[in-house]
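The file model.txt comes next; it holds compact mmCIF, C-alpha atoms.
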```
# COMPACT_ATOMS: atom_id res chain seq x y z
CA MET A 1 0.00 0.00 0.00
CA GLU A 2 1.11 3.54 -0.72
CA LYS A 3 2.14 5.28 2.51
CA SER A 4 -0.41 8.14 2.43
CA PHE A 5 -3.23 5.70 1.60
CA GLU A 6 -2.26 3.36 4.42
CA SER A 7 -2.15 6.34 6.79
CA LYS A 8 -5.70 7.33 5.83
CA LEU A 9 -6.90 3.74 6.12
CA ARG A 10 -5.39 3.44 9.61
CA GLN A 11 -7.08 6.72 10.57
CA TYR A 12 -10.38 5.30 9.26
CA ALA A 13 -10.01 2.08 11.28
CA ARG A 14 -9.27 4.04 14.46
CA LEU A 15 -12.28 6.26 13.80
CA VAL A 16 -14.64 3.30 13.41
CA VAL A 17 -13.35 1.58 16.55
CA SER A 18 -13.07 4.65 18.82
CA VAL A 19 -16.05 6.73 17.63
CA GLY A 20 -18.22 4.43 15.50
CA VAL A 21 -18.68 1.66 18.07
CA ASN A 22 -16.49 3.14 20.84
CA VAL A 23 -15.03 -0.21 21.91
CA GLN A 24 -14.72 -0.63 25.68
CA LYS A 25 -12.29 -2.79 27.65
CA GLY A 26 -13.58 -6.34 27.99
CA GLN A 27 -16.24 -5.94 25.27
CA PRO A 28 -16.70 -8.50 22.48
CA VAL A 29 -16.53 -7.14 18.92
CA MET A 30 -18.14 -8.62 15.81
CA ILE A 31 -17.24 -7.55 12.26
CA ALA A 32 -19.48 -8.54 9.32
CA CYS A 33 -17.18 -8.30 6.32
CA PRO A 34 -16.95 -9.22 2.62
CA VAL A 35 -13.84 -11.29 1.88
CA ASP A 36 -12.73 -8.57 -0.58
CA CYS A 37 -12.40 -6.24 2.43
CA ALA A 38 -10.31 -8.59 4.57
CA TYR A 39 -7.38 -6.15 4.81
CA PHE A 40 -9.65 -3.55 6.44
CA ALA A 41 -11.16 -6.15 8.79
CA ARG A 42 -7.61 -7.03 9.91
CA MET A 43 -6.90 -3.38 10.63
CA LEU A 44 -10.18 -3.03 12.56
CA THR A 45 -9.34 -6.18 14.51
CA GLU A 46 -5.96 -4.80 15.51
CA GLU A 47 -7.46 -1.48 16.60
CA ALA A 48 -10.25 -3.23 18.54
CA TYR A 49 -7.77 -5.32 20.52
CA LYS A 50 -5.67 -2.23 21.20
CA ALA A 51 -8.81 -0.64 22.63
CA GLY A 52 -9.24 -3.58 25.01
CA ALA A 53 -11.69 -5.83 23.15
CA LYS A 54 -12.36 -9.16 24.85
CA ASP A 55 -12.55 -10.95 21.48
CA VAL A 56 -13.09 -10.09 17.81
CA ILE A 57 -15.35 -12.39 15.79
CA ILE A 58 -15.40 -12.07 12.00
CA SER A 59 -18.47 -13.02 9.97
CA TRP A 60 -17.27 -13.39 6.37
CA ARG A 61 -19.37 -13.21 3.21
CA ASP A 62 -18.65 -13.28 -0.51
CA ASP A 63 -20.72 -12.00 -3.43
CA PHE A 64 -19.99 -15.00 -5.67
CA CYS A 65 -20.73 -17.59 -2.99
CA SER A 66 -23.85 -15.70 -1.88
CA ARG A 67 -25.20 -15.68 -5.43
CA GLN A 68 -24.59 -19.43 -5.82
CA HIS A 69 -26.37 -20.04 -2.51
CA TRP A 70 -29.43 -18.03 -3.49
CA LEU A 71 -29.61 -19.69 -6.91
CA TYR A 72 -28.89 -23.34 -6.08
CA ALA A 73 -29.13 -24.15 -2.36
CA ASP A 74 -31.80 -26.57 -1.20
CA ASP A 75 -35.15 -24.81 -1.02
CA SER A 76 -35.70 -25.79 2.62
CA LEU A 77 -32.83 -23.54 3.73
CA PHE A 78 -34.78 -20.33 3.11
CA ASP A 79 -37.34 -20.89 5.87
CA ALA A 80 -34.96 -20.85 8.85
CA VAL A 81 -31.66 -19.51 10.15
CA TYR A 82 -29.18 -22.15 11.32
CA PRO A 83 -29.61 -22.51 15.12
CA TRP A 84 -25.88 -21.99 15.71
CA GLU A 85 -25.96 -18.72 13.75
CA ALA A 86 -29.02 -17.46 15.62
CA ASP A 87 -27.48 -18.47 18.95
CA GLN A 88 -24.23 -16.65 18.13
CA ARG A 89 -25.91 -13.38 17.15
CA ASN A 90 -28.48 -13.38 19.93
CA THR A 91 -25.89 -14.28 22.59
CA LEU A 92 -23.47 -11.57 21.43
CA GLY A 93 -26.33 -9.06 21.38
CA ARG A 94 -27.18 -9.89 25.00
CA GLU A 95 -23.50 -9.47 25.93
CA GLY A 96 -23.47 -5.94 24.50
CA VAL A 97 -21.27 -6.67 21.50
CA ALA A 98 -19.73 -3.81 19.50
CA TYR A 99 -21.05 -4.66 16.04
CA ILE A 100 -19.35 -3.34 12.87
CA ALA A 101 -20.94 -4.02 9.47
CA ILE A 102 -18.89 -3.31 6.33
CA SER A 103 -21.36 -2.44 3.57
CA ALA A 104 -19.72 -3.29 0.24
CA GLN A 105 -21.30 -5.42 -2.47
CA ASP A 106 -22.09 -5.57 -6.14
CA PRO A 107 -25.40 -3.65 -6.28
CA GLU A 108 -26.82 -6.17 -8.78
CA ASN A 109 -25.28 -9.35 -7.39
CA LEU A 110 -28.64 -11.05 -6.90
CA LYS A 111 -30.22 -10.03 -10.20
CA GLY A 112 -32.24 -13.00 -11.49
CA VAL A 113 -32.49 -14.69 -8.07
CA ASP A 114 -35.99 -15.89 -7.15
CA PRO A 115 -37.39 -13.01 -5.03
CA GLU A 116 -39.68 -15.47 -3.23
CA ARG A 117 -36.62 -17.15 -1.72
CA GLN A 118 -35.43 -13.79 -0.45
CA ARG A 119 -38.85 -12.94 0.98
CA ARG A 120 -39.07 -16.26 2.85
CA TYR A 121 -35.56 -15.93 4.27
CA ASN A 122 -36.16 -12.35 5.41
CA ILE A 123 -39.21 -13.55 7.34
CA ALA A 124 -37.20 -16.40 8.87
CA ALA A 125 -34.32 -14.09 9.84
CA GLY A 126 -36.75 -11.63 11.42
CA ARG A 127 -38.15 -14.46 13.52
CA ASP A 128 -34.95 -16.35 14.46
CA LEU A 129 -32.76 -13.26 14.97
CA LYS A 130 -35.51 -11.20 16.55
CA GLU A 131 -33.65 -10.72 19.82
CA PHE A 132 -30.51 -9.45 18.06
CA TYR A 133 -32.45 -7.08 15.77
CA ARG A 134 -34.60 -5.76 18.62
CA LEU A 135 -31.50 -5.02 20.71
CA GLU A 136 -29.89 -3.30 17.71
CA MET A 137 -32.91 -1.10 17.04
CA SER A 138 -33.30 -0.15 20.72
CA ASN A 139 -29.60 0.63 21.36
CA GLY A 140 -29.01 -2.57 23.32
CA PHE A 141 -25.45 -2.54 21.97
CA PRO A 142 -23.31 -0.09 19.95
CA TRP A 143 -23.24 -0.70 16.20
CA CYS A 144 -21.83 1.04 13.16
CA VAL A 145 -22.21 0.57 9.39
CA VAL A 146 -19.20 1.65 7.33
CA SER A 147 -17.93 0.93 3.84
CA ILE A 148 -14.87 0.52 1.64
CA PRO A 149 -14.75 -0.05 -2.14
CA ILE A 150 -14.79 -3.39 -3.93
CA PRO A 151 -14.23 -3.63 -7.72
CA ALA A 152 -17.77 -4.61 -8.79
CA TRP A 153 -19.31 -1.77 -6.79
CA ALA A 154 -16.69 0.79 -7.91
CA LYS A 155 -17.33 -0.07 -11.58
CA LYS A 156 -21.09 0.41 -11.09
CA VAL A 157 -20.47 3.87 -9.63
CA PHE A 158 -17.85 4.85 -12.25
CA PRO A 159 -18.66 2.72 -15.32
CA ASN A 160 -16.47 4.69 -17.72
CA ALA A 161 -13.29 4.29 -15.68
CA SER A 162 -10.95 1.32 -15.56
CA GLU A 163 -11.29 -0.93 -12.50
CA GLU A 164 -8.15 0.55 -10.94
CA GLU A 165 -9.31 4.13 -11.62
CA ALA A 166 -12.82 3.38 -10.34
CA MET A 167 -11.45 1.95 -7.09
CA ALA A 168 -9.23 5.02 -6.56
CA MET A 169 -12.11 7.39 -7.32
CA LEU A 170 -14.47 5.61 -4.94
CA TRP A 171 -11.83 5.59 -2.20
CA ASP A 172 -11.49 9.37 -2.61
CA GLU A 173 -15.26 9.84 -2.28
CA ILE A 174 -15.47 7.61 0.79
CA PHE A 175 -12.56 9.30 2.56
CA ASN A 176 -14.19 12.69 1.86
CA ALA A 177 -17.57 11.47 3.10
CA VAL A 178 -16.13 10.23 6.39
CA ARG A 179 -13.98 13.33 6.88
CA ILE A 180 -10.58 11.69 6.56
CA LYS A 181 -7.70 13.60 5.06
CA GLU A 182 -3.94 13.26 5.12
CA GLY A 183 -2.58 14.63 8.40
CA GLY A 184 -6.09 15.34 9.72
CA ASP A 185 -7.76 14.38 12.98
CA ALA A 186 -10.87 12.47 11.96
CA VAL A 187 -11.89 11.77 15.56
CA ALA A 188 -11.97 15.49 16.45
CA GLU A 189 -13.72 16.27 13.13
CA TRP A 190 -16.42 13.72 13.90
CA HIS A 191 -17.07 15.03 17.39
CA GLU A 192 -17.62 18.52 15.92
CA HIS A 193 -19.74 17.18 13.05
CA CYS A 194 -21.99 15.21 15.40
CA LYS A 195 -22.38 18.28 17.61
CA ARG A 196 -23.66 20.33 14.63
CA LEU A 197 -26.12 17.63 13.60
CA GLU A 198 -27.36 17.24 17.16
CA GLU A 199 -28.05 20.99 17.38
CA ASN A 200 -30.38 20.73 14.35
CA ALA A 201 -32.08 17.70 15.90
CA LYS A 202 -32.61 19.61 19.14
CA LYS A 203 -34.25 22.49 17.22
CA MET A 204 -36.61 20.10 15.44
CA THR A 205 -37.57 18.43 18.73
CA GLN A 206 -38.28 21.78 20.36
CA TYR A 207 -40.77 22.71 17.62
CA ALA A 208 -42.81 19.57 18.49
CA PHE A 209 -44.46 19.65 15.07
CA ALA A 210 -47.86 18.04 14.75
CA GLU A 211 -47.41 17.55 11.00
CA LEU A 212 -44.94 17.98 8.14
CA HIS A 213 -46.00 18.60 4.55
CA TYR A 214 -43.61 17.51 1.75
CA LYS A 215 -43.90 18.80 -1.80
CA ASN A 216 -41.71 18.91 -4.94
CA SER A 217 -41.92 18.81 -8.73
CA ALA A 218 -41.06 15.09 -8.87
CA GLY A 219 -44.61 14.35 -7.72
CA THR A 220 -44.23 14.12 -3.95
CA ASP A 221 -47.18 15.61 -2.08
CA LEU A 222 -47.28 14.02 1.34
CA LYS A 223 -48.63 14.94 4.77
CA VAL A 224 -46.89 13.27 7.71
CA LYS A 225 -48.32 13.52 11.22
CA MET A 226 -45.87 13.15 14.10
CA PRO A 227 -46.53 11.31 17.39
CA ASP A 228 -46.76 13.15 20.69
CA ASN A 229 -43.43 13.52 22.51
CA HIS A 230 -41.43 12.51 19.45
CA ILE A 231 -37.69 13.14 19.41
CA TRP A 232 -35.41 14.01 16.50
CA LEU A 233 -32.04 12.28 16.61
CA ALA A 234 -28.74 12.82 14.81
CA GLY A 235 -25.02 12.15 15.00
CA GLY A 236 -24.40 9.82 17.92
CA ASP A 237 -26.63 7.90 20.30
CA ASP A 238 -26.20 6.23 23.68
CA ALA A 239 -26.27 2.46 24.08
CA LYS A 240 -28.03 1.17 27.18
CA SER A 241 -24.56 0.66 28.69
CA GLY A 242 -24.08 4.45 28.46
CA VAL A 243 -21.48 4.17 25.68
CA ARG A 244 -21.79 6.83 22.97
CA PHE A 245 -21.65 5.47 19.40
CA VAL A 246 -22.35 6.57 15.80
CA ALA A 247 -24.48 4.07 13.88
CA ASN A 248 -23.66 5.28 10.35
CA MET A 249 -20.41 6.61 8.94
CA PRO A 250 -21.02 8.80 7.00
CA THR A 251 -24.06 10.50 8.48
CA GLU A 252 -25.68 13.81 7.51
CA GLU A 253 -29.24 13.14 8.67
CA VAL A 254 -31.60 14.36 11.36
CA PHE A 255 -34.32 11.74 11.83
CA SER A 256 -37.39 10.73 13.78
CA ALA A 257 -40.38 8.36 13.49
CA PRO A 258 -43.71 9.44 11.99
CA LEU A 259 -47.11 8.65 13.45
CA ARG A 260 -47.83 5.15 12.19
CA THR A 261 -51.36 5.91 11.00
CA GLY A 262 -50.76 9.56 10.09
CA VAL A 263 -49.23 9.49 6.58
CA ASP A 264 -51.34 10.46 3.54
CA GLY A 265 -50.51 11.30 -0.06
CA THR A 266 -47.89 10.48 -2.69
CA LEU A 267 -44.17 9.92 -2.24
CA VAL A 268 -41.80 9.69 -5.21
CA ALA A 269 -38.19 8.50 -4.89
CA THR A 270 -35.50 10.65 -6.50
CA LYS A 271 -32.69 8.05 -6.46
CA PRO A 272 -32.51 4.32 -7.21
CA LEU A 273 -32.63 1.91 -4.30
CA VAL A 274 -30.35 -1.12 -3.99
CA LEU A 275 -32.56 -3.77 -2.40
CA ASN A 276 -31.76 -7.46 -1.97
CA GLY A 277 -29.04 -7.37 -4.62
CA ASN A 278 -31.19 -5.57 -7.21
CA VAL A 279 -31.44 -1.93 -8.29
CA VAL A 280 -35.03 -0.68 -7.93
CA GLU A 281 -35.74 2.46 -9.94
CA GLY A 282 -38.65 4.88 -10.35
CA ILE A 283 -40.31 4.21 -6.98
CA LYS A 284 -43.70 5.75 -6.24
CA PHE A 285 -45.83 5.04 -3.16
CA THR A 286 -49.28 6.27 -2.18
CA PHE A 287 -50.38 6.26 1.46
CA LYS A 288 -53.71 6.35 3.23
CA ASP A 289 -53.94 6.52 7.03
CA GLY A 290 -50.27 5.58 7.20
CA ARG A 291 -50.50 2.38 5.15
CA ILE A 292 -48.86 1.95 1.74
CA GLU A 293 -51.84 1.59 -0.58
CA SER A 294 -50.09 1.35 -3.94
CA ILE A 295 -46.56 0.59 -5.10
CA HIS A 296 -44.90 1.34 -8.42
CA ALA A 297 -41.34 0.95 -9.67
CA ASP A 298 -39.99 1.32 -13.19
CA ALA A 299 -37.48 -1.49 -12.58
CA ASN A 300 -37.59 -4.47 -10.18
CA GLU A 301 -41.06 -3.62 -8.91
CA GLN A 302 -41.64 -7.18 -7.63
CA THR A 303 -38.51 -6.99 -5.45
CA LEU A 304 -39.94 -3.86 -3.84
CA LYS A 305 -43.43 -5.35 -3.47
CA ASN A 306 -42.03 -8.43 -1.77
CA GLU A 307 -40.17 -6.31 0.78
CA VAL A 308 -43.21 -4.13 1.52
CA GLY A 309 -45.29 -7.30 1.81
CA LEU A 310 -43.08 -9.03 4.40
CA ASP A 311 -45.48 -8.35 7.27
CA GLU A 312 -48.07 -5.82 8.39
CA GLY A 313 -45.46 -3.45 9.83
CA SER A 314 -43.58 -3.26 6.53
CA HIS A 315 -46.62 -1.53 5.00
CA TYR A 316 -46.00 1.52 7.23
CA LEU A 317 -43.23 4.09 7.56
CA GLY A 318 -40.76 3.79 10.42
CA GLU A 319 -38.41 6.69 9.76
CA ILE A 320 -38.51 10.25 8.47
CA ALA A 321 -35.08 11.81 7.83
CA LEU A 322 -33.94 15.29 6.84
CA VAL A 323 -30.76 15.79 4.80
CA PRO A 324 -29.90 19.11 3.11
CA TYR A 325 -29.63 18.97 -0.67
CA ASP A 326 -26.34 20.83 -0.23
CA SER A 327 -24.87 18.18 2.05
CA PRO A 328 -21.28 17.24 1.14
CA ILE A 329 -22.25 13.84 -0.28
CA SER A 330 -24.99 15.36 -2.41
CA LEU A 331 -22.63 18.05 -3.70
CA SER A 332 -20.19 15.35 -4.83
CA GLY A 333 -22.70 14.54 -7.58
CA VAL A 334 -21.96 10.82 -7.20
CA LEU A 335 -24.73 8.22 -7.22
CA PHE A 336 -23.25 5.55 -4.95
CA PHE A 337 -25.75 2.69 -5.43
CA ASN A 338 -25.29 2.10 -1.71
CA THR A 339 -27.90 3.30 0.77
CA LEU A 340 -25.30 4.17 3.41
CA PHE A 341 -24.11 6.99 1.15
CA ASP A 342 -27.16 7.79 -0.97
CA GLU A 343 -29.40 8.29 2.09
CA ASN A 344 -26.91 10.87 3.35
CA ALA A 345 -27.21 12.84 0.13
CA SER A 346 -30.98 13.12 0.27
CA CYS A 347 -33.98 13.47 2.52
CA HIS A 348 -35.39 9.99 2.92
CA PHE A 349 -37.98 7.79 4.57
CA ALA A 350 -37.86 4.16 5.61
CA PHE A 351 -40.68 1.67 5.56
CA GLY A 352 -40.64 -0.95 8.29
CA GLU A 353 -39.61 -0.86 11.93
CA ALA A 354 -39.02 2.45 13.70
CA TYR A 355 -36.18 3.25 16.11
CA PRO A 356 -37.74 3.24 19.61
CA ALA A 357 -35.58 6.19 20.77
CA CYS A 358 -37.62 8.44 18.45
CA VAL A 359 -40.23 8.76 21.21
CA GLU A 360 -39.48 9.81 24.75
CA GLY A 361 -38.24 6.83 26.79
CA GLY A 362 -38.78 4.53 23.83
CA ASP A 363 -35.72 2.32 24.29
CA ASP A 364 -37.25 0.94 27.50
CA LEU A 365 -40.73 0.24 26.05
CA SER A 366 -42.13 -3.01 24.63
CA PRO A 367 -43.34 -3.16 21.00
CA GLU A 368 -46.91 -3.03 22.28
CA GLU A 369 -46.18 0.10 24.33
CA LEU A 370 -44.43 1.72 21.36
CA LEU A 371 -47.39 0.99 19.10
CA ALA A 372 -49.63 2.62 21.70
CA ARG A 373 -47.35 5.66 21.55
CA GLY A 374 -47.96 5.81 17.80
CA ILE A 375 -44.79 4.53 16.10
CA ASN A 376 -44.32 1.52 13.82
CA ALA A 377 -42.64 -0.71 16.40
CA GLU A 378 -42.69 -4.16 14.85
CA SER A 379 -41.50 -5.33 11.42
CA ASN A 380 -38.90 -7.67 9.95
CA THR A 381 -37.49 -4.90 7.77
CA HIS A 382 -36.28 -1.30 7.69
CA VAL A 383 -35.63 0.01 4.17
CA ASP A 384 -34.51 3.59 3.51
CA PHE A 385 -35.40 5.23 0.18
CA MET A 386 -34.45 8.68 -1.04
CA VAL A 387 -36.91 11.50 -1.83
CA GLY A 388 -34.86 14.73 -1.59
CA SER A 389 -34.56 17.21 -4.46
CA ARG A 390 -33.35 20.74 -5.16
CA ASP A 391 -36.95 22.05 -5.07
CA LEU A 392 -38.20 20.08 -2.06
CA THR A 393 -40.21 22.12 0.41
CA ILE A 394 -41.18 20.86 3.85
CA THR A 395 -43.61 22.88 5.92
CA GLY A 396 -44.03 22.15 9.60
CA VAL A 397 -47.38 22.68 11.30
CA THR A 398 -47.30 23.26 15.05
CA LYS A 399 -49.95 22.03 17.46
CA ASP A 400 -51.50 25.50 17.50
CA GLY A 401 -51.71 25.59 13.70
CA ARG A 402 -48.71 27.79 12.85
CA GLU A 403 -46.95 26.97 9.59
CA ILE A 404 -43.14 27.10 9.72
CA PRO A 405 -40.80 26.50 6.75
CA VAL A 406 -38.52 23.57 7.64
CA PHE A 407 -36.97 23.07 4.17
CA VAL A 408 -36.93 25.58 1.32
CA ASN A 409 -35.27 24.74 -2.00
CA GLY A 410 -34.02 21.45 -0.62
CA ASN A 411 -32.23 22.87 2.44
CA PHE A 412 -32.92 23.62 6.10
CA ALA A 413 -34.81 26.88 6.63
CA ILE A 414 -35.08 26.74 10.44
```
For this file, write the structure as C-alpha cells.
Amino acid sequence: MEKSFESKLRQYARLVVSVGVNVQKGQPVMIACPVDCAYFARMLTEEAYKAGAKDVIISWRDDFCSRQHWLYADDSLFDAVYPWEADQRNTLGREGVAYIAISAQDPENLKGVDPERQRRYNIAAGRDLKEFYRLEMSNGFPWCVVSIPIPAWAKKVFPNASEEEAMAMLWDEIFNAVRIKEGGDAVAEWHEHCKRLEENAKKMTQYAFAELHYKNSAGTDLKVKMPDNHIWLAGGDDAKSGVRFVANMPTEEVFSAPLRTGVDGTLVATKPLVLNGNVVEGIKFTFKDGRIESIHADANEQTLKNEVGLDEGSHYLGEIALVPYDSPISLSGVLFFNTLFDENASCHFAFGEAYPACVEGGDDLSPEELLARGINAESNTHVDFMVGSRDLTITGVTKDGREIPVFVNGNFAI
C-alpha cells in the first residue's frame, strides 16, 4: 500500500473503533465483512484489541458464494436460520457486542435470483434473529455501518473508468464522506460534526411539530403527522450501557419516526434503491392513514413489493429523515448505489420498523407500548429510500396551527 493511503486507512479504522462503536475494555466485537475487504477487517481487529476488546469475531461473506447459494441451495434452507448462527448473534447481542458491518457489495449481485426465496428468508431471519435485531434497534449494543470499495461496486459507480481508476475514485469519495484527510484528525472532526447535527435535531424536537407537509416537482405531495413527545435524533446515540456510538459513517441526517397511522398522499423517490441485490428504480408510493396503498417501480417492482409485503409493519413508515440537498455527499454529484451513502445525500424515509428512541423513553418500552405511543414498532425490515430534491419544500405545522418553513429549496430553513 502507498504510505499516504495506508495512513488514511489506519485513521479510518481508528475512527470506526473509537467513535463508531467506541469499543470498551472487555467488550466482544463482531465484524461482518466481505472477503474482498479482509485487509480492512484485519486493521479493525488490531485497533479493537488495542482498545481492550475481549474478542473479535469475524463473519465473512462473498458476493460469488452468496449468489450461488441463493440460486442453487436446497429450497428448505430459506425458511430458517441455522440454530448456531441465531445463537451466536443473539448471545453476542445480550453481551453488548460492539457490532461493525462493512457495507460493500455488487449492487446487482442477486439479479435473477428468485425473489420469493429472499422474501421467505427475510421472514425467517426476522423471527430467528428477533432478539438481536430488537436489541440493535433499541440501542441494546453499539453498532456502526461503514464501507470501503470493492471492484464490482466501484465499476457500477464509475462505469467509464478502468477498474483501478474506479477503485481510486471511490476511495477518494469515501474518505471525503467520512472526513478523513492526510494529516487530519478524523476523531476530532467527527465530534464537531456530530455536535452540529445534534443541534439541528434539538431544534426540530423543540418545535414539536404536529405535522410535516412535503412537496416537490417530482410528484411528492405528502402529509406526515408526528406522534406526541417525538424526538429528533442525529449524530451519535447512547447504548443502554451508556457508551456513545455513531451508527452510520457517514451520516448527515436528522431523523425521527412518523405517526404510524398519520401518513397520507404520494411519495416519489428521486434516487434508485439497492434492495436485496437488485437496483429498484422509479419508486412511487401512495399512502392512506399511514399504510402503503399502492406501489410502483420502473425497474424491479416485484422486489420492492415483496419487501413491503413481508409483514403488516412493513406496509407503514418507520423513519422520516432530513438531509440538506447541499450536504457534502450530495454536492459530490456521485450516485453511490449504496444506501449508506445515498441516504446521506438526500432526505429519505424508511418503511418498516421504527427506532424506539424516536419517542421519549422509547428504548425501555415493549413493542406493544411503542405501538400505543404511535410509532411503527414491529417489522422484519427497515428500508430507507431517497426523496430529496433541489426544489423540495417541507412545511411544519405546530400544534397551535402555525406553519413554519422547515426546508426551502431542498435545504434547512429553520
What does the distance from CA of Ala13 in chain A to CA of Val178 in chain A come to in Å, to one decimal?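 According to the coordinates, CA of Ala13 in chain A and CA of Val178 in chain A are separated by 11.3 Å.
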Once you count all atoms listed in the file, what closest atom pair and distance in Å to one decimal does each residue of range 58-90 of chain A within 7 Å of range 128-142 of chain A have, with rows by chain and rising residue number, as a tab-separated table?
```
residue	atom	partner	partner_atom	distance
A:Val81	CA	A:Asp128	CA	6.3
A:Ala86	CA	A:Leu129	CA	5.7
A:Arg89	CA	A:Phe132	CA	6.1
A:Asn90	CA	A:Phe132	CA	4.8
```
Counting all atoms listed in the file, find the residues whose atoms lie at most 12 Å from (-49.2, 25.9, 15.8) (file coordinates) and write them out as a ChimeraX atom specification. /A:207-212,395-404
Between A:Asp36, A:Glu368, A:Glu6, A:Glu253, which is the closest to Val323 in chain A once you count all atoms listed in the file?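 Between A:Asp36, A:Glu368, A:Glu6, A:Glu253, the residue approaching Val323 in chain A most closely is A:Glu253.
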List the spatial neighbours of Tyr325 in chain A as a list in words - criterion: any atom at most 7 Å away, all atoms listed in the file, same-chain residues fewer than 3 positions off excluded.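 In the requested form, the answer reads Ser330, Ala345, Ser346, Gly388, Ser389, Arg390, Gly410 and Asn411 of chain A.
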Given the point (-48.0, 0.3, -4.2) in the file's coordinates, find the residues that have an atom at most 10 Å from it, counting all atoms listed in the file, and give them as a PDB file with C-alpha atoms, keeping the file's coordinate frame.
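So result_21.pdb came out as:
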```pdb
ATOM      1  CA  ILE A 283     -40.310   4.210  -6.980  1.00  0.00           C
ATOM      2  CA  LYS A 284     -43.700   5.750  -6.240  1.00  0.00           C
ATOM      3  CA  PHE A 285     -45.830   5.040  -3.160  1.00  0.00           C
ATOM      4  CA  THR A 286     -49.280   6.270  -2.180  1.00  0.00           C
ATOM      5  CA  PHE A 287     -50.380   6.260   1.460  1.00  0.00           C
ATOM      6  CA  ARG A 291     -50.500   2.380   5.150  1.00  0.00           C
ATOM      7  CA  ILE A 292     -48.860   1.950   1.740  1.00  0.00           C
ATOM      8  CA  GLU A 293     -51.840   1.590  -0.580  1.00  0.00           C
ATOM      9  CA  SER A 294     -50.090   1.350  -3.940  1.00  0.00           C
ATOM     10  CA  ILE A 295     -46.560   0.590  -5.100  1.00  0.00           C
ATOM     11  CA  HIS A 296     -44.900   1.340  -8.420  1.00  0.00           C
ATOM     12  CA  ALA A 297     -41.340   0.950  -9.670  1.00  0.00           C
ATOM     13  CA  GLU A 301     -41.060  -3.620  -8.910  1.00  0.00           C
ATOM     14  CA  LEU A 304     -39.940  -3.860  -3.840  1.00  0.00           C
ATOM     15  CA  LYS A 305     -43.430  -5.350  -3.470  1.00  0.00           C
ATOM     16  CA  VAL A 308     -43.210  -4.130   1.520  1.00  0.00           C
ATOM     17  CA  HIS A 315     -46.620  -1.530   5.000  1.00  0.00           C
TER      18      HIS A 315
END
```
Given all atoms listed in the file as the counted atoms, nearest of A:Phe255, A:Asp63, A:Asp185, A:Gly361 to Ile150 in chain A: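 Answer, going by the shortest atom-to-atom distance: A:Asp63.
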Quick one: residues within 10 Å of Gly282 in chain A, only C-alpha atoms counted, chain neighbours fewer than 2 positions away excluded, as a list in words?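 Non-adjacent residues within range: Val268, Ala269, Thr270, Lys271, Pro272, Leu273, Val280, Lys284, His296, Ala297, Asp298, Ala299, Asn300 and Glu301 of chain A.
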Please produce an output containing C-alpha atoms for each residue in the selection, written as a PDB file, keeping the file's coordinate frame.
```
ATOM      1  CA  VAL A 268     -41.800   9.690  -5.210  1.00  0.00           C
ATOM      2  CA  ALA A 269     -38.190   8.500  -4.890  1.00  0.00           C
ATOM      3  CA  THR A 270     -35.500  10.650  -6.500  1.00  0.00           C
ATOM      4  CA  LYS A 271     -32.690   8.050  -6.460  1.00  0.00           C
ATOM      5  CA  PRO A 272     -32.510   4.320  -7.210  1.00  0.00           C
ATOM      6  CA  LEU A 273     -32.630   1.910  -4.300  1.00  0.00           C
ATOM      7  CA  VAL A 280     -35.030  -0.680  -7.930  1.00  0.00           C
ATOM      8  CA  LYS A 284     -43.700   5.750  -6.240  1.00  0.00           C
ATOM      9  CA  HIS A 296     -44.900   1.340  -8.420  1.00  0.00           C
ATOM     10  CA  ALA A 297     -41.340   0.950  -9.670  1.00  0.00           C
ATOM     11  CA  ASP A 298     -39.990   1.320 -13.190  1.00  0.00           C
ATOM     12  CA  ALA A 299     -37.480  -1.490 -12.580  1.00  0.00           C
ATOM     13  CA  ASN A 300     -37.590  -4.470 -10.180  1.00  0.00           C
ATOM     14  CA  GLU A 301     -41.060  -3.620  -8.910  1.00  0.00           C
TER      15      GLU A 301
END
```
Nearby residues (all atoms listed in the file) at most 8 Å from Gly277 in chain A, same-chain spacing under 3 positions excluded, as a list in words: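 Skipping anything fewer than 3 positions along the chain leaves Asp106, Pro107, Glu108, Asn109, Leu110, Lys111 and Val274 of chain A.
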Here CA of Gly96 in chain A and CA of Ser18 in chain A stand apart by 15.9 Å
Could you list, as a PyMOL selection string, every residue within 9 Å of Gln24 in chain A, counting all atoms listed in the file and ignoring same-chain residues fewer than 2 positions away? chain A and resi 18+21-22+26-28+48+51-54+98+243
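Note that the spacing between CA of Val145 in chain A and CA of Asn160 in chain A amounts to 28.0 Å.
The shortest atom-to-atom distance to Leu370 in chain A, with all atoms listed in the file taken into account, belongs to A:Leu259 out of A:Leu259, A:Leu392, A:Leu275, A:Leu322.
With distances restricted to all atoms listed in the file, A:Ser103 is the closest residue to Arg61 in chain A from A:Asn216, A:Ser76, A:Asn276, A:Ser103.
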